[in-house]
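Engineer: Sending over target.tsv (TSV, C-alpha atoms and all ligand atoms).
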chain	number	residue	atom	x	y	z
A	120	MET	CA	-18.35	5.64	-22.09
A	121	GLU	CA	-20.91	2.79	-22.02
A	122	TYR	CA	-22.07	1.50	-18.64
A	123	LEU	CA	-24.06	-1.53	-17.50
A	124	GLU	CA	-27.71	-0.67	-17.03
A	125	GLY	CA	-28.71	-0.52	-13.35
A	126	SER	CA	-26.79	-0.46	-10.09
A	127	VAL	CA	-23.35	-1.98	-9.69
A	128	LEU	CA	-21.80	-2.86	-6.33
A	129	GLY	CA	-18.04	-2.37	-5.92
A	130	ILE	CA	-15.82	-3.89	-3.23
A	131	GLU	CA	-12.25	-2.79	-2.42
A	132	THR	CA	-10.04	-4.47	0.22
A	133	SER	CA	-6.61	-4.59	-1.47
A	134	CYS	CA	-4.74	-2.65	1.19
A	135	ASP	CA	-5.84	-0.82	4.34
A	136	GLU	CA	-9.23	0.57	3.33
A	137	THR	CA	-12.41	-1.48	3.49
A	138	SER	CA	-14.69	0.12	0.95
A	139	VAL	CA	-18.07	-0.66	-0.59
A	140	ALA	CA	-19.81	1.51	-3.18
A	141	ILE	CA	-22.89	1.46	-5.35
A	142	ILE	CA	-22.98	3.33	-8.65
A	143	ASP	CA	-25.46	3.68	-11.47
A	144	GLY	CA	-23.73	4.61	-14.72
A	145	ARG	CA	-21.15	7.05	-13.46
A	146	LYS	CA	-23.43	8.39	-10.76
A	147	ILE	CA	-22.12	7.47	-7.30
A	148	LEU	CA	-25.04	6.46	-5.08
A	149	SER	CA	-22.81	5.59	-2.12
A	150	ASN	CA	-19.07	5.23	-1.54
A	151	ILE	CA	-18.27	4.17	2.02
A	152	VAL	CA	-14.60	4.03	2.99
A	153	CYS	CA	-13.63	2.57	6.34
A	154	SER	CA	-9.95	3.36	6.90
A	155	GLN	CA	-7.61	1.32	9.07
A	156	ALA	CA	-5.12	4.19	9.38
A	157	ASP	CA	-5.49	4.31	13.17
A	158	LEU	CA	-4.64	0.63	13.47
A	159	HIS	CA	-1.47	0.94	11.37
A	160	GLN	CA	-0.45	4.32	12.81
A	161	LYS	CA	1.62	2.87	15.64
A	162	TRP	CA	3.75	0.78	13.23
A	163	GLY	CA	4.15	3.61	10.69
A	164	GLY	CA	2.92	1.25	7.96
A	165	ILE	CA	0.59	-1.61	7.13
A	166	VAL	CA	0.75	-4.91	9.00
A	167	PRO	CA	-0.76	-7.37	6.46
A	168	GLU	CA	-2.16	-9.89	8.97
A	169	SER	CA	-3.90	-7.16	10.98
A	170	ALA	CA	-5.22	-5.58	7.78
A	171	SER	CA	-6.95	-8.83	6.74
A	172	ARG	CA	-8.57	-9.29	10.15
A	173	LYS	CA	-9.80	-5.72	10.15
A	174	HIS	CA	-11.36	-6.18	6.70
A	175	VAL	CA	-13.30	-9.18	8.03
A	176	GLU	CA	-14.52	-7.09	10.97
A	177	ASN	CA	-15.42	-4.03	8.87
A	178	PHE	CA	-16.88	-5.61	5.77
A	179	LEU	CA	-20.51	-6.22	6.75
A	180	PRO	CA	-21.06	-2.85	8.48
A	181	THR	CA	-19.51	-1.11	5.43
A	182	LEU	CA	-21.77	-3.07	3.05
A	183	GLU	CA	-24.84	-2.27	5.14
A	184	GLU	CA	-24.03	1.42	5.18
A	185	ALA	CA	-23.44	1.48	1.41
A	186	LEU	CA	-26.84	-0.13	0.85
A	187	THR	CA	-28.63	2.21	3.26
A	188	VAL	CA	-27.06	5.38	1.84
A	189	SER	CA	-27.79	4.37	-1.77
A	190	GLY	CA	-31.31	3.12	-1.07
A	191	VAL	CA	-30.57	0.14	-3.33
A	192	ARG	CA	-31.50	-3.40	-2.22
A	193	LEU	CA	-29.16	-6.34	-2.81
A	194	ASP	CA	-31.71	-8.03	-5.08
A	195	GLU	CA	-31.78	-4.92	-7.28
A	196	LEU	CA	-28.08	-5.12	-8.24
A	197	SER	CA	-27.17	-5.61	-11.92
A	198	GLY	CA	-23.55	-6.51	-11.24
A	199	ILE	CA	-20.75	-6.87	-8.71
A	200	GLY	CA	-17.11	-5.81	-9.13
A	201	VAL	CA	-14.31	-6.58	-6.71
A	202	THR	CA	-10.59	-5.78	-6.64
A	203	ASN	CA	-8.77	-9.07	-7.13
A	204	ARG	CA	-5.32	-7.69	-8.10
A	205	PRO	CA	-2.75	-6.31	-7.24
A	206	GLY	CA	-2.56	-6.15	-3.45
A	207	LEU	CA	-1.99	-8.03	-0.22
A	208	ILE	CA	-3.33	-11.55	-0.82
A	209	GLY	CA	-4.92	-11.90	2.62
A	210	ALA	CA	-6.62	-8.52	2.33
A	211	LEU	CA	-7.81	-9.12	-1.25
A	212	SER	CA	-9.22	-12.53	-0.26
A	213	VAL	CA	-11.66	-10.94	2.19
A	214	GLY	CA	-13.30	-8.81	-0.51
A	215	VAL	CA	-13.17	-11.53	-3.14
A	216	SER	CA	-14.77	-14.14	-0.83
A	217	ALA	CA	-17.54	-11.71	0.02
A	218	ALA	CA	-18.12	-10.85	-3.66
A	219	ARG	CA	-18.20	-14.50	-4.67
A	220	SER	CA	-20.75	-15.34	-1.97
A	221	LEU	CA	-22.96	-12.39	-2.91
A	222	ALA	CA	-22.78	-13.21	-6.64
A	223	LEU	CA	-23.66	-16.82	-5.96
A	224	CYS	CA	-26.59	-16.06	-3.64
A	225	LEU	CA	-27.97	-13.26	-5.83
A	226	ASP	CA	-27.19	-14.97	-9.14
A	227	CYS	CA	-25.56	-11.70	-10.19
A	228	PRO	CA	-22.80	-11.12	-12.81
A	229	LEU	CA	-19.36	-10.85	-11.19
A	230	LEU	CA	-16.10	-9.25	-12.32
A	231	GLY	CA	-12.60	-9.20	-10.83
A	232	VAL	CA	-11.14	-5.70	-11.24
A	233	ASP	CA	-7.52	-4.55	-11.43
A	234	HIS	CA	-7.07	-1.93	-8.69
A	235	LEU	CA	-4.75	0.10	-10.93
A	236	GLU	CA	-7.34	0.23	-13.71
A	237	GLY	CA	-9.73	1.51	-11.04
A	238	HIS	CA	-7.38	4.45	-10.44
A	239	LEU	CA	-6.60	4.93	-14.17
A	240	LEU	CA	-10.26	5.30	-15.18
A	241	SER	CA	-11.36	7.21	-12.05
A	242	PRO	CA	-11.32	10.60	-13.88
A	243	PHE	CA	-14.30	9.36	-15.96
A	244	LEU	CA	-16.34	9.42	-12.74
A	245	VAL	CA	-16.18	13.21	-12.87
A	246	GLU	CA	-15.75	14.06	-16.55
A	247	ASP	CA	-15.96	12.59	-20.05
A	248	VAL	CA	-12.23	12.38	-20.61
A	249	ARG	CA	-10.92	12.05	-24.17
A	250	PHE	CA	-8.47	9.40	-25.39
A	251	PRO	CA	-5.55	9.38	-25.76
A	252	HIS	CA	-4.25	11.09	-22.67
A	253	VAL	CA	-1.35	10.80	-20.25
A	254	CYS	CA	-2.07	9.48	-16.75
A	255	LEU	CA	0.22	9.98	-13.78
A	256	LEU	CA	-0.62	7.25	-11.29
A	257	VAL	CA	0.85	8.01	-7.89
A	258	SER	CA	-0.15	5.87	-4.94
A	259	GLY	CA	1.26	4.08	-1.92
A	260	GLY	CA	2.11	0.97	-3.90
A	261	HIS	CA	2.68	2.29	-7.43
A	262	THR	CA	4.10	5.23	-9.34
A	263	ALA	CA	3.96	5.22	-13.13
A	264	LEU	CA	3.16	7.18	-16.27
A	265	TYR	CA	0.78	5.68	-18.82
A	266	ILE	CA	-0.51	6.65	-22.23
A	267	VAL	CA	-4.20	5.80	-21.95
A	268	GLU	CA	-5.52	5.02	-25.43
A	269	GLY	CA	-8.83	3.39	-24.53
A	270	VAL	CA	-10.41	1.04	-21.99
A	271	GLY	CA	-7.86	-1.71	-21.47
A	272	GLU	CA	-5.31	0.10	-23.67
A	273	TYR	CA	-2.70	1.35	-21.25
A	274	ARG	CA	0.91	1.82	-22.35
A	275	LYS	CA	3.26	2.18	-19.42
A	276	ILE	CA	6.05	4.56	-20.46
A	277	GLY	CA	7.83	4.84	-17.15
A	278	GLY	CA	7.67	3.89	-13.53
A	279	THR	CA	9.56	3.86	-10.27
A	280	LEU	CA	12.71	1.81	-10.08
A	281	ASP	CA	12.37	1.46	-6.30
A	282	ASP	CA	9.90	3.12	-3.89
A	283	ALA	CA	6.48	4.39	-4.92
A	284	ALA	CA	5.89	8.10	-4.29
A	285	GLY	CA	3.34	7.42	-1.52
A	286	GLU	CA	5.74	4.97	0.09
A	287	ALA	CA	8.42	7.70	0.10
A	288	PHE	CA	5.93	10.07	1.78
A	289	ASP	CA	5.03	7.41	4.37
A	290	LYS	CA	8.64	6.48	5.16
A	291	THR	CA	9.77	10.10	5.35
A	292	ALA	CA	6.90	10.95	7.69
A	293	ARG	CA	8.04	8.13	9.95
A	294	VAL	CA	11.62	9.50	9.95
A	295	LEU	CA	10.28	12.97	10.80
A	296	GLY	CA	7.96	11.57	13.50
A	297	LEU	CA	4.83	12.78	11.72
A	298	GLY	CA	2.67	9.64	11.77
A	299	TYR	CA	0.77	7.56	9.22
A	300	PRO	CA	-0.42	7.96	6.50
A	301	GLY	CA	2.56	10.12	5.66
A	302	GLY	CA	1.22	12.10	2.70
A	303	PRO	CA	-1.37	14.21	4.51
A	304	ALA	CA	0.92	14.49	7.58
A	305	ILE	CA	3.81	15.85	5.49
A	306	GLU	CA	1.48	18.19	3.61
A	307	ARG	CA	0.14	19.61	6.89
A	308	ALA	CA	3.55	19.98	8.53
A	309	GLY	CA	5.10	21.46	5.38
A	310	MET	CA	2.64	24.37	5.28
A	311	GLU	CA	4.55	26.04	8.09
A	312	GLY	CA	7.98	25.37	6.56
A	313	ASP	CA	10.42	26.80	4.04
A	314	SER	CA	10.65	24.46	1.03
A	315	ARG	CA	14.11	25.86	0.08
A	316	ARG	CA	15.67	25.34	3.49
A	317	TYR	CA	17.10	21.88	2.67
A	318	VAL	CA	18.47	21.08	-0.79
A	319	LEU	CA	17.63	17.51	-1.79
A	320	SER	CA	18.12	15.40	-4.92
A	321	GLY	CA	15.03	14.18	-6.80
A	322	GLY	CA	16.76	11.03	-8.05
A	323	LEU	CA	17.20	10.20	-11.74
A	324	VAL	CA	18.15	13.00	-14.12
A	325	GLY	CA	17.95	13.31	-17.90
A	326	ASP	CA	15.54	12.08	-20.55
A	327	THR	CA	13.67	9.42	-18.69
A	328	TYR	CA	10.09	8.75	-17.65
A	329	ASP	CA	11.28	6.62	-14.75
A	330	PHE	CA	11.57	7.65	-11.11
A	331	SER	CA	13.80	6.70	-8.20
A	332	PHE	CA	12.92	7.83	-4.69
A	333	SER	CA	15.08	5.61	-2.50
A	334	GLY	CA	17.97	8.15	-2.57
A	335	LEU	CA	15.64	10.91	-1.43
A	336	LYS	CA	14.32	8.71	1.36
A	337	THR	CA	17.87	7.94	2.51
A	338	ALA	CA	18.80	11.64	2.31
A	339	MET	CA	15.90	12.40	4.67
A	340	LEU	CA	17.14	9.74	7.06
A	341	TYR	CA	20.67	11.26	7.10
A	342	LEU	CA	19.28	14.77	7.41
A	343	ALA	CA	17.24	13.79	10.47
A	344	ARG	CA	20.20	11.93	11.98
A	345	ASP	CA	22.76	14.70	11.30
A	346	GLU	CA	20.55	17.60	12.39
A	347	GLY	CA	19.10	15.85	15.44
A	348	GLU	CA	17.41	18.35	17.75
A	349	ARG	CA	18.26	21.21	15.39
A	350	LEU	CA	16.10	19.77	12.57
A	351	ASP	CA	13.43	22.17	11.36
A	352	VAL	CA	10.75	19.49	10.80
A	353	ALA	CA	8.31	21.75	8.98
A	354	SER	CA	10.98	22.88	6.50
A	355	ALA	CA	12.28	19.31	6.09
A	356	ALA	CA	8.70	18.20	5.23
A	357	ALA	CA	8.26	21.14	2.83
A	358	SER	CA	11.64	20.54	1.15
A	359	PHE	CA	10.87	16.85	0.69
A	360	GLU	CA	7.42	17.60	-0.72
A	361	GLU	CA	8.81	20.25	-3.06
A	362	THR	CA	11.49	17.88	-4.40
A	363	ILE	CA	9.22	14.89	-5.00
A	364	THR	CA	6.33	16.86	-6.52
A	365	SER	CA	8.72	18.75	-8.83
A	366	VAL	CA	10.04	15.48	-10.27
A	367	LEU	CA	6.54	14.04	-10.71
A	368	ALA	CA	5.31	17.19	-12.43
A	369	ARG	CA	8.37	17.59	-14.66
A	370	ARG	CA	8.21	14.03	-16.03
A	371	SER	CA	4.43	14.21	-16.57
A	372	LEU	CA	4.62	17.46	-18.50
A	373	ARG	CA	7.45	16.14	-20.66
A	374	ALA	CA	5.44	13.00	-21.46
A	375	LEU	CA	2.48	15.12	-22.47
A	376	GLU	CA	4.59	17.05	-24.94
A	377	ALA	CA	6.54	14.08	-26.26
A	378	PHE	CA	3.40	12.00	-26.89
A	379	ASP	CA	1.46	15.01	-28.10
A	380	CYS	CA	-1.52	14.64	-25.76
A	381	GLU	CA	-3.86	17.47	-24.84
A	382	LEU	CA	-4.80	16.18	-21.46
A	383	LEU	CA	-3.20	14.89	-18.27
A	384	THR	CA	-4.98	12.98	-15.53
A	385	VAL	CA	-3.50	12.48	-12.07
A	386	VAL	CA	-4.79	9.62	-9.95
A	387	GLY	CA	-3.99	7.64	-6.79
A	388	GLY	CA	-3.52	8.71	-3.17
A	389	VAL	CA	-0.67	11.15	-3.81
A	390	ALA	CA	-2.86	12.98	-6.39
A	391	ALA	CA	-4.60	14.48	-3.33
A	392	ASN	CA	-1.45	16.51	-2.69
A	393	ARG	CA	-2.09	20.24	-3.26
A	394	ARG	CA	1.49	21.14	-4.07
A	395	LEU	CA	1.53	18.48	-6.81
A	396	ARG	CA	-1.80	19.64	-8.26
A	397	HIS	CA	-0.66	23.23	-8.22
A	398	LYS	CA	2.58	22.41	-10.04
A	399	LEU	CA	0.73	20.39	-12.67
A	400	GLU	CA	-1.89	23.09	-13.16
A	401	GLU	CA	0.77	25.77	-13.52
A	402	GLY	CA	2.79	23.75	-16.02
A	403	LEU	CA	-0.25	22.79	-18.06
A	404	GLU	CA	-1.52	26.32	-18.21
A	405	HIS	CA	1.84	27.31	-19.63
A	406	LEU	CA	1.51	24.59	-22.31
A	407	GLY	CA	-2.14	25.44	-22.99
A	408	ARG	CA	-3.25	21.93	-22.02
A	409	LYS	CA	-5.65	20.55	-19.47
A	410	LEU	CA	-5.53	18.69	-16.16
A	411	VAL	CA	-8.28	16.40	-14.85
A	412	ALA	CA	-7.86	15.60	-11.18
A	413	VAL	CA	-10.56	13.82	-9.19
A	414	PRO	CA	-11.82	14.95	-5.75
A	415	GLN	CA	-9.76	13.73	-2.80
A	416	VAL	CA	-12.13	10.91	-1.83
A	417	LEU	CA	-11.68	9.41	-5.31
A	418	CYS	CA	-7.85	9.80	-5.20
A	419	THR	CA	-7.28	7.50	-2.25
A	420	ASP	CA	-8.54	3.92	-2.30
A	421	ASN	CA	-12.29	3.62	-2.71
A	422	ALA	CA	-14.81	1.14	-4.10
A	423	ALA	CA	-16.56	3.61	-6.44
A	424	MET	CA	-13.61	3.40	-8.85
A	425	ILE	CA	-13.86	-0.42	-8.73
A	426	ALA	CA	-17.63	-0.47	-9.35
A	427	HIS	CA	-16.96	1.98	-12.19
A	428	VAL	CA	-14.54	-0.35	-14.03
A	429	ALA	CA	-16.88	-3.28	-13.36
A	430	SER	CA	-19.82	-1.40	-14.85
A	431	ILE	CA	-17.84	-0.57	-18.03
A	432	ARG	CA	-16.49	-4.07	-18.49
A	433	LEU	CA	-19.68	-5.94	-17.52
A	434	ALA	CA	-21.47	-3.83	-20.15
A	435	ARG	CA	-19.01	-5.28	-22.69
A	436	GLY	CA	-20.05	-8.79	-21.69
A	437	GLU	CA	-17.01	-9.61	-19.58
A	438	ARG	CA	-17.56	-11.94	-16.61
A	439	SER	CA	-15.40	-13.67	-13.99
A	440	GLY	CA	-16.17	-17.19	-12.83
A	441	ILE	CA	-17.23	-17.83	-9.26
A	442	GLU	CA	-13.82	-19.50	-8.69
A	443	MET	CA	-12.05	-16.15	-9.33
A	444	ASP	CA	-8.60	-15.92	-7.75
A	445	THR	CA	-6.51	-13.14	-6.15
A	446	PHE	CA	-3.09	-11.93	-7.38
A	447	ALA	CA	-0.33	-9.94	-5.67
A	448	THR	CA	0.71	-8.28	-8.95
A	449	SER	CA	-0.98	-7.35	-12.21
A	450	GLU	CA	-0.05	-6.69	-15.84
A	451	LEU	CA	-0.53	-2.97	-15.23
A	452	SER	CA	1.94	-2.93	-12.36
A	453	GLY	CA	4.44	-4.57	-14.69
A	454	GLY	CA	4.61	-7.61	-12.36
B	1	LIG	O1	-4.12	5.11	-3.70
B	1	LIG	P1	-3.89	4.92	-2.23
B	1	LIG	O2	-5.01	5.25	-1.29
B	1	LIG	O3	-3.45	3.45	-1.92
B	1	LIG	C1	-2.67	2.67	-2.78
B	1	LIG	O4	-3.24	2.14	-3.77
B	1	LIG	O5	-1.46	2.60	-2.50
B	1	LIG	O6	-2.60	5.78	-1.86
B	1	LIG	C2	-2.15	5.85	-0.54
B	1	LIG	C3	-0.92	6.74	-0.50
B	1	LIG	C4	-0.24	6.75	0.86
B	1	LIG	O7	1.12	6.48	0.68
B	1	LIG	C5	-0.48	8.18	1.36
B	1	LIG	O8	0.57	8.67	2.16
B	1	LIG	C6	-0.58	8.95	0.05
B	1	LIG	O9	-1.28	8.08	-0.82
B	1	LIG	N1	-1.30	10.22	0.21
B	1	LIG	C7	-0.73	11.42	-0.01
B	1	LIG	C8	-1.73	12.40	0.33
B	1	LIG	N2	-2.86	11.72	0.71
B	1	LIG	C9	-2.58	10.40	0.62
B	1	LIG	N3	0.50	11.77	-0.42
B	1	LIG	C10	0.78	13.10	-0.50
B	1	LIG	N4	-0.10	14.08	-0.18
B	1	LIG	C11	-1.35	13.78	0.23
B	1	LIG	N5	-2.21	14.75	0.54
B	2	ZN	ZN	-4.76	2.61	-4.70
Take the structure in the file and give it back as structure tokens.

Structural biologist:
Amino acid sequence: MEYLEGSVLGIETSCDETSVAIIDGRKILSNIVCSQADLHQKWGGIVPESASRKHVENFLPTLEEALTVSGVRLDELSGIGVTNRPGLIGALSVGVSAARSLALCLDCPLLGVDHLEGHLLSPFLVEDVRFPHVCLLVSGGHTALYIVEGVGEYRKIGGTLDDAAGEAFDKTARVLGLGYPGGPAIERAGMEGDSRRYVLSGGLVGDTYDFSFSGLKTAMLYLARDEGERLDVASAAASFEETITSVLARRSLRALEAFDCELLTVVGGVAANRRLRHKLEEGLEHLGRKLVAVPQVLCTDNAAMIAHVASIRLARGERSGIEMDTFATSELSGG
């Protein structure tokens, strides 16, 4: 992979993490993530207006920390990358306005980055991954399978018809009274439970690369309502986690075989889930193929993956104008 020479600043504010990173090639010099999870905890989800305000409040301290940790000065930057799609428009606008101002003042090349491409190429931050490969992208906003044939060459072969996997984790955690974000809360609670205690349906069956999690979410709602006080929360969490990770793993492994790829990458917030990683590793070992999963801090939203895409694309001569806009959807999300 070819990178822009020198340090590249990345900015990520598409959802509920304010993040600023500085990388040089694929070396991460700093990657500061300031989470708003506490703020959104009481609502069990993200309140867009509050998220935007919080980004405004957190941006400068996060930038300062990223500069201090990296030891890089603003006037030493070779490029700036910022998430400008897909995401909450108000939240994206905070990062994009900051990036535009910095690029203008520093006379520095600027690039708008697709958040999903940030996730898709994140495995390259840890390893020289070969093309083509299959990528399972599982986050709070998106769930899809792609054949990754090169930079910018992403063929979506399946995706969720309703909720994203992370969204299903978050909503189920709310039903079980486990807090936000739901993924880590369910994983923690499930450790004490019996994953076979409740039998749940994983949605679509048959030869498909698509997913549907709304039925599972509703089943959890009914289970909690019907069982009431009797509900074994730990086992309900474990059963939910077992069901959803089994579906994700099964479809990914089938895609790998059908498209004859040697390697699977798993990216996005839900890729931090240990049960999912274990299932994928087990299945791949059986097939004699390989998994590349990034460390947890690179699974959930972070600016290093944005700086990384910017560095690759700026090196190819791509630039965004200072009037760069924000978009709620992107080509990669199918919107
Ligand atoms: O990629 P990400 O940080 O943000 C989006 O782009 O959406 O993903 C956030 C999602 C949340 O829904 C969160 O519950 C989920 O990732 N998540 C997990 C785990 N850690 C985060 N899901 C399952 N297990 C985890 N350990
Ligand atoms: Zn994300």

Engineer: For stretch 271-275 of chain A, please output as a list of chain:residue names all residues within 10 Å (counting only C-alpha atoms; exclusion window: fewer than 2 positions along the same chain).

Structural biologist: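 So the residues in contact are A:Glu236, A:Leu239, A:Leu240, A:Phe250, A:Pro251, A:His252, A:Val253, A:Cys254, A:Ala263, A:Leu264, A:Tyr265, A:Ile266, A:Val267, A:Glu268, A:Gly269, A:Gly277, A:Gly278, A:Tyr328, A:Arg432, A:Leu451, A:Ser452, A:Gly453.
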
Engineer: May I have the residues within 12 Å of A:Ser241 as a PyMOL selection string, using only C-alpha atoms and disregarding those fewer than 4 positions away in the same chain?

Structural biologist: chain A and resi 145+147+234-237+245-248+254+256+270+384-388+390+411-429+431

Engineer: Write out as JSON, numbers by chain which residues come within 8 Å of stretch 187-191 of chain A when counting all atoms listed in the file, dropping same-chain ones fewer than 5 positions away.

Structural biologist: {"A": [126, 141, 148, 149, 196]}

Engineer: Neighbours of ligand LIG 1 (chain B) within 10 Å, counting all atoms listed in the file, as number ranges by chain?

Structural biologist: A: 133-136, 154, 164, 205-206, 234-235, 237-238, 256-262, 283-292, 298-307, 360, 363-364, 386-396, 415-421

Engineer: Give me, as a PyMOL selection string, all polymer residues having an atom no more than 12 Å from A:Asp194, counting only C-alpha atoms and skipping those fewer than 4 positions away in the same chain.

Structural biologist: chain A and resi 125-128+186+190+198-199+221-227

Engineer: How about saving the chosen residues, C-alpha atoms kept, as a PDB file, in the frame of the given file?

Structural biologist:
ATOM      1  CA  GLY A 125     -28.710  -0.520 -13.350  1.00  0.00           C
ATOM      2  CA  SER A 126     -26.790  -0.460 -10.090  1.00  0.00           C
ATOM      3  CA  VAL A 127     -23.350  -1.980  -9.690  1.00  0.00           C
ATOM      4  CA  LEU A 128     -21.800  -2.860  -6.330  1.00  0.00           C
ATOM      5  CA  LEU A 186     -26.840  -0.130   0.850  1.00  0.00           C
ATOM      6  CA  GLY A 190     -31.310   3.120  -1.070  1.00  0.00           C
ATOM      7  CA  GLY A 198     -23.550  -6.510 -11.240  1.00  0.00           C
ATOM      8  CA  ILE A 199     -20.750  -6.870  -8.710  1.00  0.00           C
ATOM      9  CA  LEU A 221     -22.960 -12.390  -2.910  1.00  0.00           C
ATOM     10  CA  ALA A 222     -22.780 -13.210  -6.640  1.00  0.00           C
ATOM     11  CA  LEU A 223     -23.660 -16.820  -5.960  1.00  0.00           C
ATOM     12  CA  CYS A 224     -26.590 -16.060  -3.640  1.00  0.00           C
ATOM     13  CA  LEU A 225     -27.970 -13.260  -5.830  1.00  0.00           C
ATOM     14  CA  ASP A 226     -27.190 -14.970  -9.140  1.00  0.00           C
ATOM     15  CA  CYS A 227     -25.560 -11.700 -10.190  1.00  0.00           C
TER      16      CYS A 227
END

Engineer: Would you compute the distance between atom CA of A:Gly129 and atom CA of A:Thr445? Give it in Å to one decimal.

Structural biologist: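 Atom-to-atom, atom CA of A:Gly129 and atom CA of A:Thr445 are spaced 15.8 Å apart.
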
Engineer: I'd like the interatomic distance between atom CA of A:Thr132 and atom CA of A:Gly440, to a tenth of an Å.

Structural biologist: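 That distance, rounded to one decimal, is 19.2 Å.
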
Engineer: Which is closer to ligand ZN 2 (chain B) than all the others in A:Met310, A:Leu207, A:Val166, A:Leu399, using only C-alpha atoms and all ligand atoms?

Structural biologist: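 Once distances to ligand ZN 2 (chain B) are computed over only C-alpha atoms and all ligand atoms, the minimum belongs to A:Leu207.
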
Engineer: For each of A:Thr181, A:Thr202, A:Ser169, A:Asn150, take the minimum atom-to-atom distance to ligand ZN 2 (chain B), counting all atoms listed in the file, then give the residue where this is smallest.

Structural biologist: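 Closest to ligand ZN 2 (chain B) of all the choices is A:Thr202.
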
Engineer: Name all residues at most 7 Å from A:Asp281 (count all atoms listed in the file; drop same-chain ones fewer than 6 positions away) and give them as number ranges by chain.

Structural biologist: A: 331-333

Engineer: Please produce a file of those selected residues containing C-alpha atoms, as a compact mmCIF listing (two decimals), in the frame of the given file.

Structural biologist:
# COMPACT_ATOMS: atom_id res chain seq x y z
CA SER A 331 13.80 6.70 -8.20
CA PHE A 332 12.92 7.83 -4.69
CA SER A 333 15.08 5.61 -2.50

Engineer: What box, with edges along x, y and z, holds each listed atom of stretch 392-407 of chain A when 3 Å is added on every side, and can you state its centre and edge lengths in Å to one decimal, as JSON?

Structural biologist:
{"center_x": 0.3, "center_y": 21.9, "center_z": -12.8, "size_x": 10.9, "size_y": 16.8, "size_z": 26.3}

Engineer: Pick from A:Ser212, A:Asp233, A:Ala170, A:Gly200: nearest to ligand ZN 2 (chain B), with all atoms listed in the file counted?

Structural biologist: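 Using all atoms listed in the file, the shortest distance to ligand ZN 2 (chain B) belongs to A:Asp233.
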
Engineer: Could you jot down the atom CA of A:Arg172 to atom CA of A:Val294 separation for me, Å, one decimal place?

Structural biologist: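 Atom-to-atom, atom CA of A:Arg172 and atom CA of A:Val294 are spaced 27.6 Å apart.
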
Engineer: For each of A:Leu297, A:Met339, A:Ile208, A:Leu403, take the minimum atom-to-atom distance to A:Glu381, counting all atoms listed in the file, then give the residue where this is smallest.

Structural biologist: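 Closest candidate: A:Leu403.
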
Engineer: From the options A:Cys153, A:Arg204, A:Gly325, A:Gly407, which residue's atoms come nearest to ligand ZN 2 (chain B), counting only C-alpha atoms and all ligand atoms?

Structural biologist: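 The answer is A:Arg204, which sits nearest to ligand ZN 2 (chain B).
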
Engineer: For A:Ala374, which of A:Asp351, A:Glu346, A:Glu401, A:Asp329 is the closest residue, counting all atoms listed in the file?

Structural biologist: A:Asp329

Engineer: Hey, could you patch up stretch 177-185 of chain A with N, CA, C and O atoms and hand it over as a PDB file, in the coordinates of the input?

Structural biologist:
ATOM      1  N   ASN A 177     -14.755  -5.236   9.415  1.00  0.00           N
ATOM      2  CA  ASN A 177     -15.420  -4.030   8.870  1.00  0.00           C
ATOM      3  C   ASN A 177     -16.332  -4.286   7.682  1.00  0.00           C
ATOM      4  O   ASN A 177     -17.127  -3.410   7.326  1.00  0.00           O
ATOM      5  N   PHE A 178     -16.183  -5.447   7.044  1.00  0.00           N
ATOM      6  CA  PHE A 178     -16.880  -5.610   5.770  1.00  0.00           C
ATOM      7  C   PHE A 178     -18.402  -5.457   5.854  1.00  0.00           C
ATOM      8  O   PHE A 178     -18.993  -4.640   5.150  1.00  0.00           O
ATOM      9  N   LEU A 179     -19.032  -6.242   6.716  1.00  0.00           N
ATOM     10  CA  LEU A 179     -20.510  -6.220   6.750  1.00  0.00           C
ATOM     11  C   LEU A 179     -21.089  -4.854   7.129  1.00  0.00           C
ATOM     12  O   LEU A 179     -21.998  -4.365   6.455  1.00  0.00           O
ATOM     13  N   PRO A 180     -20.551  -4.196   8.180  1.00  0.00           N
ATOM     14  CA  PRO A 180     -21.060  -2.850   8.480  1.00  0.00           C
ATOM     15  C   PRO A 180     -20.885  -1.877   7.298  1.00  0.00           C
ATOM     16  O   PRO A 180     -21.759  -1.049   7.039  1.00  0.00           O
ATOM     17  N   THR A 181     -19.759  -2.008   6.576  1.00  0.00           N
ATOM     18  CA  THR A 181     -19.510  -1.110   5.430  1.00  0.00           C
ATOM     19  C   THR A 181     -20.518  -1.396   4.318  1.00  0.00           C
ATOM     20  O   THR A 181     -21.068  -0.476   3.703  1.00  0.00           O
ATOM     21  N   LEU A 182     -20.777  -2.684   4.074  1.00  0.00           N
ATOM     22  CA  LEU A 182     -21.770  -3.070   3.050  1.00  0.00           C
ATOM     23  C   LEU A 182     -23.151  -2.531   3.419  1.00  0.00           C
ATOM     24  O   LEU A 182     -23.860  -1.961   2.585  1.00  0.00           O
ATOM     25  N   GLU A 183     -23.515  -2.725   4.693  1.00  0.00           N
ATOM     26  CA  GLU A 183     -24.840  -2.270   5.140  1.00  0.00           C
ATOM     27  C   GLU A 183     -25.006  -0.770   4.949  1.00  0.00           C
ATOM     28  O   GLU A 183     -26.037  -0.292   4.479  1.00  0.00           O
ATOM     29  N   GLU A 184     -23.950  -0.037   5.312  1.00  0.00           N
ATOM     30  CA  GLU A 184     -24.030   1.420   5.180  1.00  0.00           C
ATOM     31  C   GLU A 184     -24.140   1.828   3.704  1.00  0.00           C
ATOM     32  O   GLU A 184     -24.924   2.729   3.353  1.00  0.00           O
ATOM     33  N   ALA A 185     -23.391   1.142   2.855  1.00  0.00           N
ATOM     34  CA  ALA A 185     -23.440   1.480   1.410  1.00  0.00           C
ATOM     35  C   ALA A 185     -24.845   1.239   0.859  1.00  0.00           C
ATOM     36  O   ALA A 185     -25.337   2.029   0.048  1.00  0.00           O
TER      37      ALA A 185
END
